[in-house]
Amino acid sequence: MLFSCATLDKISGKRAAEQKNLCTEYYNIAEGYMNIKEYAKAIPYYEKAMADADLYSSAYYELGRAYALSKNWEKAEEVFRAFLEKDAENLDLQMSVAYILAMKGDFNEAIEMYRSLIEKNPDVAELQKNYIAVLLSCGRAEMAEEQFAAFSAHFPDNSDLSDLKAKITSALADKASDAEPKPASENGE
């Protein structure tokens, strides 16, 4: 059987449409897994959805979220840094990378990134709250207390003030009790 060029165009166009539909289905399956908090199961479907150029950026971004939510910090950082290369001033992407760095345990780099972001964006309360949380999680309660003073002065009506203050007070008390000398019976002497 012989095919004309017009017939071949119809066949190849049909395959392209089928491929596009398949990628859309993969994306929808991934979204379904994300909705039920099965983040690791969403990952391969986002990867397959990326085969469609129209879905690539959305699927890749969601892939990064799925990595982060499944605590695959290395892969999440890779995705968000790739987006930052294209949009270096995007605050949401920068905050995502800073958060990922903290979750990976790269506290010094995360702290430096948060400091820089706060200098450039002093009116973003979420940045300052996240910075305080990072400082607390890496045992820098005194720095968290200093940052809290600046935060509470800048955002005196913020609903998280009392919760943050309680966490800082607790961290400082824990640090103080760890620094106190133990009686001879408690330290094995």
# chains A, B, ... in the order shown; residues from 1 in each chain; ligands from 1
>>> residues_around(residues="A:Tyr61", least_positions_apart="3", cutoff="9 Å", atoms="only C-alpha atoms", output="MDAnalysis selection string")
chainID A and resid 56:58 64:66 79:80 83
>>> write_last_selection(atoms="N, CA, C and O atoms", output="PDB file, in the first residue's frame")
ATOM      1  N   TYR A  56       6.408  21.251  30.007  1.00  0.00           N
ATOM      2  CA  TYR A  56       7.731  21.054  30.593  1.00  0.00           C
ATOM      3  C   TYR A  56       7.971  21.904  31.844  1.00  0.00           C
ATOM      4  O   TYR A  56       8.309  21.368  32.897  1.00  0.00           O
ATOM      5  N   SER A  57       7.818  23.197  31.746  1.00  0.00           N
ATOM      6  CA  SER A  57       8.130  24.071  32.885  1.00  0.00           C
ATOM      7  C   SER A  57       7.235  23.782  34.085  1.00  0.00           C
ATOM      8  O   SER A  57       7.721  23.691  35.223  1.00  0.00           O
ATOM      9  N   SER A  58       5.947  23.629  33.840  1.00  0.00           N
ATOM     10  CA  SER A  58       5.025  23.334  34.947  1.00  0.00           C
ATOM     11  C   SER A  58       5.354  21.999  35.592  1.00  0.00           C
ATOM     12  O   SER A  58       5.389  21.877  36.819  1.00  0.00           O
ATOM     13  N   GLY A  64      10.043  19.466  41.258  1.00  0.00           N
ATOM     14  CA  GLY A  64      10.852  20.012  42.354  1.00  0.00           C
ATOM     15  C   GLY A  64      10.084  20.035  43.661  1.00  0.00           C
ATOM     16  O   GLY A  64      10.626  19.687  44.714  1.00  0.00           O
ATOM     17  N   ARG A  65       8.825  20.426  43.601  1.00  0.00           N
ATOM     18  CA  ARG A  65       7.977  20.413  44.808  1.00  0.00           C
ATOM     19  C   ARG A  65       7.815  18.992  45.341  1.00  0.00           C
ATOM     20  O   ARG A  65       7.883  18.758  46.542  1.00  0.00           O
ATOM     21  N   ALA A  66       7.593  18.045  44.423  1.00  0.00           N
ATOM     22  CA  ALA A  66       7.419  16.649  44.833  1.00  0.00           C
ATOM     23  C   ALA A  66       8.693  16.130  45.500  1.00  0.00           C
ATOM     24  O   ALA A  66       8.634  15.431  46.524  1.00  0.00           O
ATOM     25  N   VAL A  79      16.466  21.143  41.039  1.00  0.00           N
ATOM     26  CA  VAL A  79      15.363  21.695  40.244  1.00  0.00           C
ATOM     27  C   VAL A  79      15.211  23.194  40.501  1.00  0.00           C
ATOM     28  O   VAL A  79      15.155  23.995  39.557  1.00  0.00           O
ATOM     29  N   PHE A  80      15.170  23.598  41.772  1.00  0.00           N
ATOM     30  CA  PHE A  80      14.930  25.012  42.069  1.00  0.00           C
ATOM     31  C   PHE A  80      16.113  25.886  41.669  1.00  0.00           C
ATOM     32  O   PHE A  80      15.930  27.026  41.243  1.00  0.00           O
ATOM     33  N   PHE A  83      15.732  26.618  38.012  1.00  0.00           N
ATOM     34  CA  PHE A  83      14.784  27.713  37.779  1.00  0.00           C
ATOM     35  C   PHE A  83      15.406  29.058  38.134  1.00  0.00           C
ATOM     36  O   PHE A  83      15.177  30.057  37.448  1.00  0.00           O
TER      37      PHE A  83
END
>>> residues_around(residues="stretch 156-173 of chain A", least_positions_apart="6", cutoff="12 Å", atoms="only C-alpha atoms", output="list in words")
Val124, Ala125, Glu126, Gln128, Lys129, Asn130, Tyr131, Ile132, Ala133, Val134, Leu135, Leu136, Ser137, Cys138, Gly139, Arg140, Ala141, Glu142, Met143, Ala144, Glu145, Glu146, Gln147, Phe148, Ala149, Ala150, Ala179 and Glu180 of chain A
>>> residues_around(residues="A:Leu117", least_positions_apart="2", cutoff="12 Å", atoms="only C-alpha atoms", output="count of residues only")
29
>>> residues_around(residues="A:Gln19", least_positions_apart="4", cutoff="8 Å", atoms="only C-alpha atoms", output="PyMOL selection string")
chain A and resi 15+23+52
>>> atom_distance(atom1="atom CA of A:Ala102", atom2="atom CA of A:Tyr60")
21.9 Å
>>> select_by_dssp(residues="stretch 65-185 of chain A", states="helix (DSSP H, G or I)", output="count of residues only")
93
>>> closest_atom_pairs(of="stretch 58-134 of chain A", to="stretch 38-45 of chain A", cutoff="7 Å", atoms="only C-alpha atoms", output="Markdown table")
| residue | atom | partner | partner_atom | distance |
| --- | --- | --- | --- | --- |
| A:Leu63 | CA | A:Ile43 | CA | 5.9 |
| A:Ala66 | CA | A:Tyr39 | CA | 5.1 |
| A:Leu69 | CA | A:Tyr39 | CA | 6.4 |
| A:Ser70 | CA | A:Tyr39 | CA | 5.6 |
>>> decode(residues="stretch 110-154 of chain A", atoms="N, CA and C atoms", output="short mmCIF file (atom, residue, chain, number, x, y, z; two decimals), in the first residue's frame")
data_model
loop_
_atom_site.label_atom_id
_atom_site.label_comp_id
_atom_site.auth_asym_id
_atom_site.auth_seq_id
_atom_site.Cartn_x
_atom_site.Cartn_y
_atom_site.Cartn_z
N ALA A 110 22.35 28.40 54.30
CA ALA A 110 20.95 28.83 54.42
C ALA A 110 20.87 30.16 55.17
N ILE A 111 21.63 30.28 56.26
CA ILE A 111 21.63 31.51 57.05
C ILE A 111 22.10 32.69 56.21
N GLU A 112 23.17 32.50 55.47
CA GLU A 112 23.67 33.58 54.62
C GLU A 112 22.65 33.97 53.56
N MET A 113 21.98 32.97 53.00
CA MET A 113 20.98 33.27 51.99
C MET A 113 19.81 34.03 52.59
N TYR A 114 19.34 33.59 53.77
CA TYR A 114 18.24 34.31 54.42
C TYR A 114 18.65 35.74 54.77
N ARG A 115 19.85 35.94 55.28
CA ARG A 115 20.31 37.30 55.60
C ARG A 115 20.26 38.19 54.36
N SER A 116 20.79 37.69 53.28
CA SER A 116 20.82 38.45 52.04
C SER A 116 19.41 38.76 51.55
N LEU A 117 18.53 37.77 51.62
CA LEU A 117 17.15 37.98 51.17
C LEU A 117 16.43 39.00 52.04
N ILE A 118 16.68 38.96 53.35
CA ILE A 118 16.03 39.91 54.26
C ILE A 118 16.53 41.34 54.00
N GLU A 119 17.83 41.47 53.72
CA GLU A 119 18.36 42.79 53.40
C GLU A 119 17.67 43.38 52.17
N LYS A 120 17.41 42.55 51.17
CA LYS A 120 16.79 43.01 49.94
C LYS A 120 15.27 43.12 50.06
N ASN A 121 14.68 42.37 51.00
CA ASN A 121 13.22 42.30 51.12
C ASN A 121 12.80 42.42 52.58
N PRO A 122 13.07 43.57 53.22
CA PRO A 122 12.81 43.69 54.65
C PRO A 122 11.33 43.66 55.03
N ASP A 123 10.45 43.81 54.07
CA ASP A 123 9.02 43.85 54.38
C ASP A 123 8.31 42.52 54.18
N VAL A 124 9.08 41.44 54.00
CA VAL A 124 8.49 40.12 53.80
C VAL A 124 8.60 39.35 55.13
N ALA A 125 7.50 39.31 55.84
CA ALA A 125 7.48 38.68 57.17
C ALA A 125 7.84 37.21 57.10
N GLU A 126 7.39 36.51 56.09
CA GLU A 126 7.64 35.07 55.97
C GLU A 126 9.14 34.76 55.94
N LEU A 127 9.90 35.62 55.28
CA LEU A 127 11.35 35.46 55.23
C LEU A 127 11.94 35.51 56.64
N GLN A 128 11.53 36.48 57.40
CA GLN A 128 12.09 36.65 58.73
C GLN A 128 11.66 35.52 59.66
N LYS A 129 10.42 35.06 59.54
CA LYS A 129 9.97 33.93 60.36
C LYS A 129 10.76 32.67 60.02
N ASN A 130 10.97 32.43 58.73
CA ASN A 130 11.74 31.26 58.31
C ASN A 130 13.19 31.35 58.80
N TYR A 131 13.74 32.54 58.74
CA TYR A 131 15.12 32.73 59.21
C TYR A 131 15.22 32.42 60.70
N ILE A 132 14.28 32.89 61.47
CA ILE A 132 14.27 32.60 62.91
C ILE A 132 14.15 31.10 63.13
N ALA A 133 13.30 30.43 62.38
CA ALA A 133 13.13 28.98 62.51
C ALA A 133 14.43 28.24 62.20
N VAL A 134 15.13 28.68 61.17
CA VAL A 134 16.42 28.06 60.82
C VAL A 134 17.43 28.27 61.93
N LEU A 135 17.49 29.49 62.45
CA LEU A 135 18.43 29.77 63.54
C LEU A 135 18.13 28.88 64.75
N LEU A 136 16.88 28.71 65.07
CA LEU A 136 16.51 27.85 66.20
C LEU A 136 16.85 26.39 65.92
N SER A 137 16.60 25.94 64.72
CA SER A 137 16.83 24.52 64.42
C SER A 137 18.31 24.15 64.39
N CYS A 138 19.18 25.14 64.20
CA CYS A 138 20.61 24.82 64.21
C CYS A 138 21.29 25.26 65.51
N GLY A 139 20.48 25.54 66.53
CA GLY A 139 21.03 25.82 67.85
C GLY A 139 21.56 27.23 68.06
N ARG A 140 21.13 28.16 67.28
CA ARG A 140 21.61 29.55 67.41
C ARG A 140 20.51 30.42 68.00
N ALA A 141 20.13 30.08 69.22
CA ALA A 141 19.00 30.75 69.89
C ALA A 141 19.27 32.23 70.12
N GLU A 142 20.52 32.59 70.44
CA GLU A 142 20.83 34.00 70.68
C GLU A 142 20.63 34.83 69.40
N MET A 143 21.07 34.27 68.28
CA MET A 143 20.87 34.97 67.00
C MET A 143 19.37 35.05 66.67
N ALA A 144 18.64 33.98 67.00
CA ALA A 144 17.19 33.97 66.77
C ALA A 144 16.52 35.05 67.61
N GLU A 145 17.00 35.22 68.84
CA GLU A 145 16.44 36.25 69.72
C GLU A 145 16.68 37.65 69.14
N GLU A 146 17.88 37.88 68.63
CA GLU A 146 18.20 39.17 68.00
C GLU A 146 17.31 39.42 66.78
N GLN A 147 17.15 38.39 65.95
CA GLN A 147 16.32 38.53 64.77
C GLN A 147 14.86 38.74 65.15
N PHE A 148 14.44 38.07 66.24
CA PHE A 148 13.07 38.23 66.71
C PHE A 148 12.81 39.68 67.12
N ALA A 149 13.78 40.31 67.77
CA ALA A 149 13.62 41.71 68.18
C ALA A 149 13.36 42.59 66.96
N ALA A 150 14.14 42.36 65.90
CA ALA A 150 13.94 43.13 64.67
C ALA A 150 12.60 42.79 64.03
N PHE A 151 12.25 41.53 64.04
CA PHE A 151 10.99 41.08 63.45
C PHE A 151 9.79 41.68 64.18
N SER A 152 9.82 41.61 65.51
CA SER A 152 8.68 42.11 66.28
C SER A 152 8.56 43.64 66.18
N ALA A 153 9.69 44.34 66.03
CA ALA A 153 9.64 45.79 65.86
C ALA A 153 9.05 46.15 64.49
N HIS A 154 9.40 45.36 63.49
CA HIS A 154 8.95 45.64 62.12
C HIS A 154 7.52 45.16 61.87
#
